[in-house]
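Worksheet: one structure, shown below.
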Amino acid sequence: MVQVIGILAMPLGWIMRIGYQLTGSYGLAILFFAVVAKVITFPLTLSMQKNSIRLLEIQPMLEHIRRAHYGDKARINEEQYLLYKQQKYSPLSGLIPLFIQFLLLFGMVNVIYNPTRHIPELLDYLFLGIDLSVAQTKFPSIIVFPFLSGLSNYALCLVQNRLNPAQRRMRFWSKWGMSLIMIAFSIYFPLVTPGGIGLYWLYSNSLGIAAAFIANAMYPAQKFVSADLLKPPPKISHDELVKARKLHKHQHVIEQAALERFYSHPDKHKLMFYAVSGGQFKYYSEIIEYILNNTDIIVHYVTNDPNDKLLENSSERLQAYYVGEKKAITFMMNLRTVAMVVMTVPNLQQFHIKRSVVDTDIEYVYTWHHFTSLIMLREGAVDHFDTVFCVGPHQIEEIRKTEQFYNLRKKQLVKTGYGQMDMLMRLHTEKFNKNSLPQILIAPSWATNGLFDSCLDEIVRQLSDCPYQLVIRPHPEYCKRFPDKWNNIVKRYNDHAIIDSDFSSQDSIYKSDALVTDWSNIAYEFAFCTKRPVIFINTPQKIMNSEYKKLGIEPLDKILRSEIGENIDIDKLHNLPEILVDMLTNGERYRDSIEQAIDKWLFYPGRSGEAGGRYIINRLTNATVGIYLLAQGVKSVNALNS
């Protein structure tokens, strides 16, 4: 390192000598060097400004990665690296100017400790009455350069925190943690080194402020990103902090009590359902209801959501437990006294949720939280499950071809159908009524390039003069991931449509006469439930499994678009009113087509709870269940799957 700095000092010394020859002043020679150094490194400052803007642009995607793979640091790092590469963003670019600044500083230390080696003609070391060749440990210099160096560094940090797009969004300690260290260092270092170092640092910081303003003027962040992304994070008040700490402590107490209750329960062969949020119960409800109504089996329901309503409605037969996301990682790995785990969370064993290392005999069952293809899940999403409850024949074909292609062990594939669909069909039958005006539901996926972000304005414009009642319903993930965007949508369209963000209600789904969407799975729930058609806007498709094409299967997401509705390109939205008129006029034609799609693609409509429940009962009770089913007049527990 000493040799590197010695080599670096040679060109720095040449610049210093040129400055001295031009000015005849040691102090001005240092200024000349600082100016030359700042001009040479300005492209890096500009690059850092651009990089900060790019970071803001990809921030929503980074937040999605952190939420999607919570607890799996390796996977998060891998996904972030791929995103950075795809978006041409370098997280290290912000460190390069700092690294170069330190190199220049240590090179300057070498020059200033040996000034006559580089400037042979140098005779006078005084500048403003201060000897720049000695350490600044005596009055009056002790209150000049060290103080000014620290003050200028503080000013530089203040300017950077206000101007740099990425730093503007940081919280206080994130912005000022490293800054305070640099300020302290910029005061201490000039105290123990020759005065020329303190003067150089003063010059460098002052020129850095000017460079920051110039870079911000050349690439203003507000020109490239929305004002919402530039807003600093809201300050957390003392009361909010105290409240958060109390809540965390309360949740920890509940969690510990739940874990003790779970393992102290006398049931040593538990049937466990696992949910990451309160909204997932709807995917299990049909199966759980069938088991509770037809057996004495106790259902143990573990949820990561402290606000899950099931925690308040726990009963002797349906035991609910709160286990937080972080604790769930070790809880699942050390799972015992459990015979079967049923879950809608894919990618078992790949990310933070692992199979138990304590009890390797547990059967893991995956049940789908959407109707369509493996294309909507990441590669290998169901590979480590023992059993998969399949919605329709397309999923069986996809899984079997995947097993064959990758030489995977065969899983137990059970024909069950789709519980969410059954529930919606029942609700529609119970609550169906005729609208005074045709109701058009606009409900897309949460994808960043989906309908909301690409063509909502044009859709509303085309339909605003038509005799329809418009309803805009977001995907829950869109509200969670992009709250600012959703708030803007609410403000823009509140006078033109009903805004439905009540996710506890399905009214807008089964009361609408037609649906406009992109690639959202709500299309199949709506069409199969109401027997009414869908208009699909051809936005770019969200493909989670990039390896899917290797299987040689056409995804059901594409096949069904022509069976249950109509496709329309974004540049042909002017045809939207005409298509809707045809749909509403010829409803019976679409109804027949949708009923044929149900018969073709959905197992056991209205009986998914029975199909899944019987499989679970059979696995848990074996011979006992045979006696029960014979009493019900059923010859075999597998009758539904024969």
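Please note that chains go A, B, ... in the order of the structure tokens, that every chain numbers its residues from 1, and that ligands are numbered from 1 in the order shown.
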
*Could you please write out, as an NGL selection string, every residue of stretch 72-161 of chain A that DSSP assigns to alpha helix (DSSP H)?*
:A and (73-87 or 95-113 or 115-118 or 145-161)

*Could you name the residues that touch stretch 441-453 of chain A at 6 Å or less, counting only C-alpha atoms, but leaving out those on the same chain fewer than 2 positions away, as a ChimeraX atom specification?*
/A:455-456,471-475,477-478,515-518,520,539

DSSP-assigned strand (DSSP E) members of stretch 110-350 of chain A, reported as a PDB file with N, CA and C atoms, in the first residue's frame:
```pdb
ATOM      1  N   LEU A 126       4.416  29.406   4.219  1.00  0.00           N
ATOM      2  CA  LEU A 126       3.384  30.192   4.882  1.00  0.00           C
ATOM      3  C   LEU A 126       2.228  30.493   3.939  1.00  0.00           C
ATOM      4  N   PHE A 127       1.018  30.443   4.509  1.00  0.00           N
ATOM      5  CA  PHE A 127      -0.187  30.834   3.779  1.00  0.00           C
ATOM      6  C   PHE A 127      -1.151  31.424   4.790  1.00  0.00           C
ATOM      7  N   ILE A 130       0.032  31.079   8.306  1.00  0.00           N
ATOM      8  CA  ILE A 130       0.083  29.752   8.931  1.00  0.00           C
ATOM      9  C   ILE A 130       1.098  28.896   8.190  1.00  0.00           C
ATOM     10  N   ASP A 131       1.947  28.222   8.960  1.00  0.00           N
ATOM     11  CA  ASP A 131       2.955  27.343   8.371  1.00  0.00           C
ATOM     12  C   ASP A 131       2.287  26.028   7.970  1.00  0.00           C
ATOM     13  N   LYS A 270     -50.784 -33.957  14.464  1.00  0.00           N
ATOM     14  CA  LYS A 270     -51.621 -32.799  14.139  1.00  0.00           C
ATOM     15  C   LYS A 270     -51.819 -32.627  12.637  1.00  0.00           C
ATOM     16  N   LEU A 271     -53.004 -32.123  12.301  1.00  0.00           N
ATOM     17  CA  LEU A 271     -53.275 -31.614  10.967  1.00  0.00           C
ATOM     18  C   LEU A 271     -53.089 -30.099  11.044  1.00  0.00           C
ATOM     19  N   MET A 272     -52.088 -29.585  10.345  1.00  0.00           N
ATOM     20  CA  MET A 272     -51.740 -28.165  10.455  1.00  0.00           C
ATOM     21  C   MET A 272     -51.941 -27.460   9.117  1.00  0.00           C
ATOM     22  N   PHE A 273     -52.633 -26.324   9.160  1.00  0.00           N
ATOM     23  CA  PHE A 273     -52.733 -25.421   8.015  1.00  0.00           C
ATOM     24  C   PHE A 273     -51.856 -24.208   8.303  1.00  0.00           C
ATOM     25  N   TYR A 274     -51.068 -23.787   7.302  1.00  0.00           N
ATOM     26  CA  TYR A 274     -50.139 -22.668   7.505  1.00  0.00           C
ATOM     27  C   TYR A 274     -50.515 -21.509   6.584  1.00  0.00           C
ATOM     28  N   ALA A 275     -50.619 -20.299   7.156  1.00  0.00           N
ATOM     29  CA  ALA A 275     -50.991 -19.108   6.381  1.00  0.00           C
ATOM     30  C   ALA A 275     -50.030 -17.969   6.705  1.00  0.00           C
ATOM     31  N   VAL A 299     -58.254 -29.235  13.831  1.00  0.00           N
ATOM     32  CA  VAL A 299     -57.468 -28.478  12.856  1.00  0.00           C
ATOM     33  C   VAL A 299     -56.616 -27.452  13.601  1.00  0.00           C
ATOM     34  N   HIS A 300     -55.321 -27.499  13.374  1.00  0.00           N
ATOM     35  CA  HIS A 300     -54.383 -26.543  13.982  1.00  0.00           C
ATOM     36  C   HIS A 300     -53.964 -25.541  12.900  1.00  0.00           C
ATOM     37  N   TYR A 301     -54.328 -24.293  13.112  1.00  0.00           N
ATOM     38  CA  TYR A 301     -54.148 -23.252  12.082  1.00  0.00           C
ATOM     39  C   TYR A 301     -53.085 -22.261  12.549  1.00  0.00           C
ATOM     40  N   VAL A 302     -51.926 -22.245  11.866  1.00  0.00           N
ATOM     41  CA  VAL A 302     -50.810 -21.360  12.230  1.00  0.00           C
ATOM     42  C   VAL A 302     -50.761 -20.200  11.240  1.00  0.00           C
ATOM     43  N   THR A 303     -50.791 -18.989  11.756  1.00  0.00           N
ATOM     44  CA  THR A 303     -50.786 -17.807  10.905  1.00  0.00           C
ATOM     45  C   THR A 303     -49.666 -16.839  11.290  1.00  0.00           C
ATOM     46  N   LEU A 318     -61.004 -25.975  16.110  1.00  0.00           N
ATOM     47  CA  LEU A 318     -60.200 -25.171  15.196  1.00  0.00           C
ATOM     48  C   LEU A 318     -59.287 -24.275  16.023  1.00  0.00           C
ATOM     49  N   GLN A 319     -58.086 -24.780  16.276  1.00  0.00           N
ATOM     50  CA  GLN A 319     -57.118 -24.091  17.129  1.00  0.00           C
ATOM     51  C   GLN A 319     -56.248 -23.166  16.267  1.00  0.00           C
ATOM     52  N   ALA A 320     -56.241 -21.869  16.600  1.00  0.00           N
ATOM     53  CA  ALA A 320     -55.443 -20.899  15.838  1.00  0.00           C
ATOM     54  C   ALA A 320     -54.262 -20.426  16.673  1.00  0.00           C
ATOM     55  N   TYR A 321     -53.106 -20.273  16.019  1.00  0.00           N
ATOM     56  CA  TYR A 321     -51.867 -19.876  16.692  1.00  0.00           C
ATOM     57  C   TYR A 321     -51.182 -18.762  15.892  1.00  0.00           C
ATOM     58  N   TYR A 322     -50.692 -17.749  16.602  1.00  0.00           N
ATOM     59  CA  TYR A 322     -49.907 -16.703  15.939  1.00  0.00           C
ATOM     60  C   TYR A 322     -48.421 -17.007  16.081  1.00  0.00           C
ATOM     61  N   VAL A 338     -46.559 -33.316  14.232  1.00  0.00           N
ATOM     62  CA  VAL A 338     -47.436 -32.950  13.120  1.00  0.00           C
ATOM     63  C   VAL A 338     -47.401 -34.071  12.092  1.00  0.00           C
ATOM     64  N   ALA A 339     -48.573 -34.461  11.601  1.00  0.00           N
ATOM     65  CA  ALA A 339     -48.653 -35.503  10.574  1.00  0.00           C
ATOM     66  C   ALA A 339     -48.707 -34.904   9.176  1.00  0.00           C
ATOM     67  N   MET A 340     -49.388 -33.751   9.037  1.00  0.00           N
ATOM     68  CA  MET A 340     -49.573 -33.159   7.716  1.00  0.00           C
ATOM     69  C   MET A 340     -49.606 -31.637   7.836  1.00  0.00           C
ATOM     70  N   VAL A 341     -48.945 -30.972   6.871  1.00  0.00           N
ATOM     71  CA  VAL A 341     -48.991 -29.506   6.765  1.00  0.00           C
ATOM     72  C   VAL A 341     -49.608 -29.163   5.415  1.00  0.00           C
ATOM     73  N   VAL A 342     -50.677 -28.369   5.444  1.00  0.00           N
ATOM     74  CA  VAL A 342     -51.320 -27.895   4.216  1.00  0.00           C
ATOM     75  C   VAL A 342     -51.014 -26.405   4.091  1.00  0.00           C
ATOM     76  N   MET A 343     -50.545 -25.975   2.918  1.00  0.00           N
ATOM     77  CA  MET A 343     -50.158 -24.575   2.762  1.00  0.00           C
ATOM     78  C   MET A 343     -50.349 -24.091   1.332  1.00  0.00           C
TER      79      MET A 343
END
```

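Residue nearest A:Arg336 within the list A:Ser508, A:Glu578, A:Glu403, A:Lys268: A:Lys268 [criterion: smallest interatomic distance, only C-alpha atoms].
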
_Distance query stretch 187-202 of chain A at most 10 Å, only C-alpha atoms, self and fewer than 3 positions along chain excluded, as a count of residues only_ = 49

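Proximity of A:Pro165, A:Thr367, A:Ser204, A:Asp582 to A:Val39, computed with only C-alpha atoms, is greatest for A:Ser204.
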
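Reported to one decimal place, the separation of atom CA of A:Tyr366 from atom CA of A:Ile396 is 13.0 Å.
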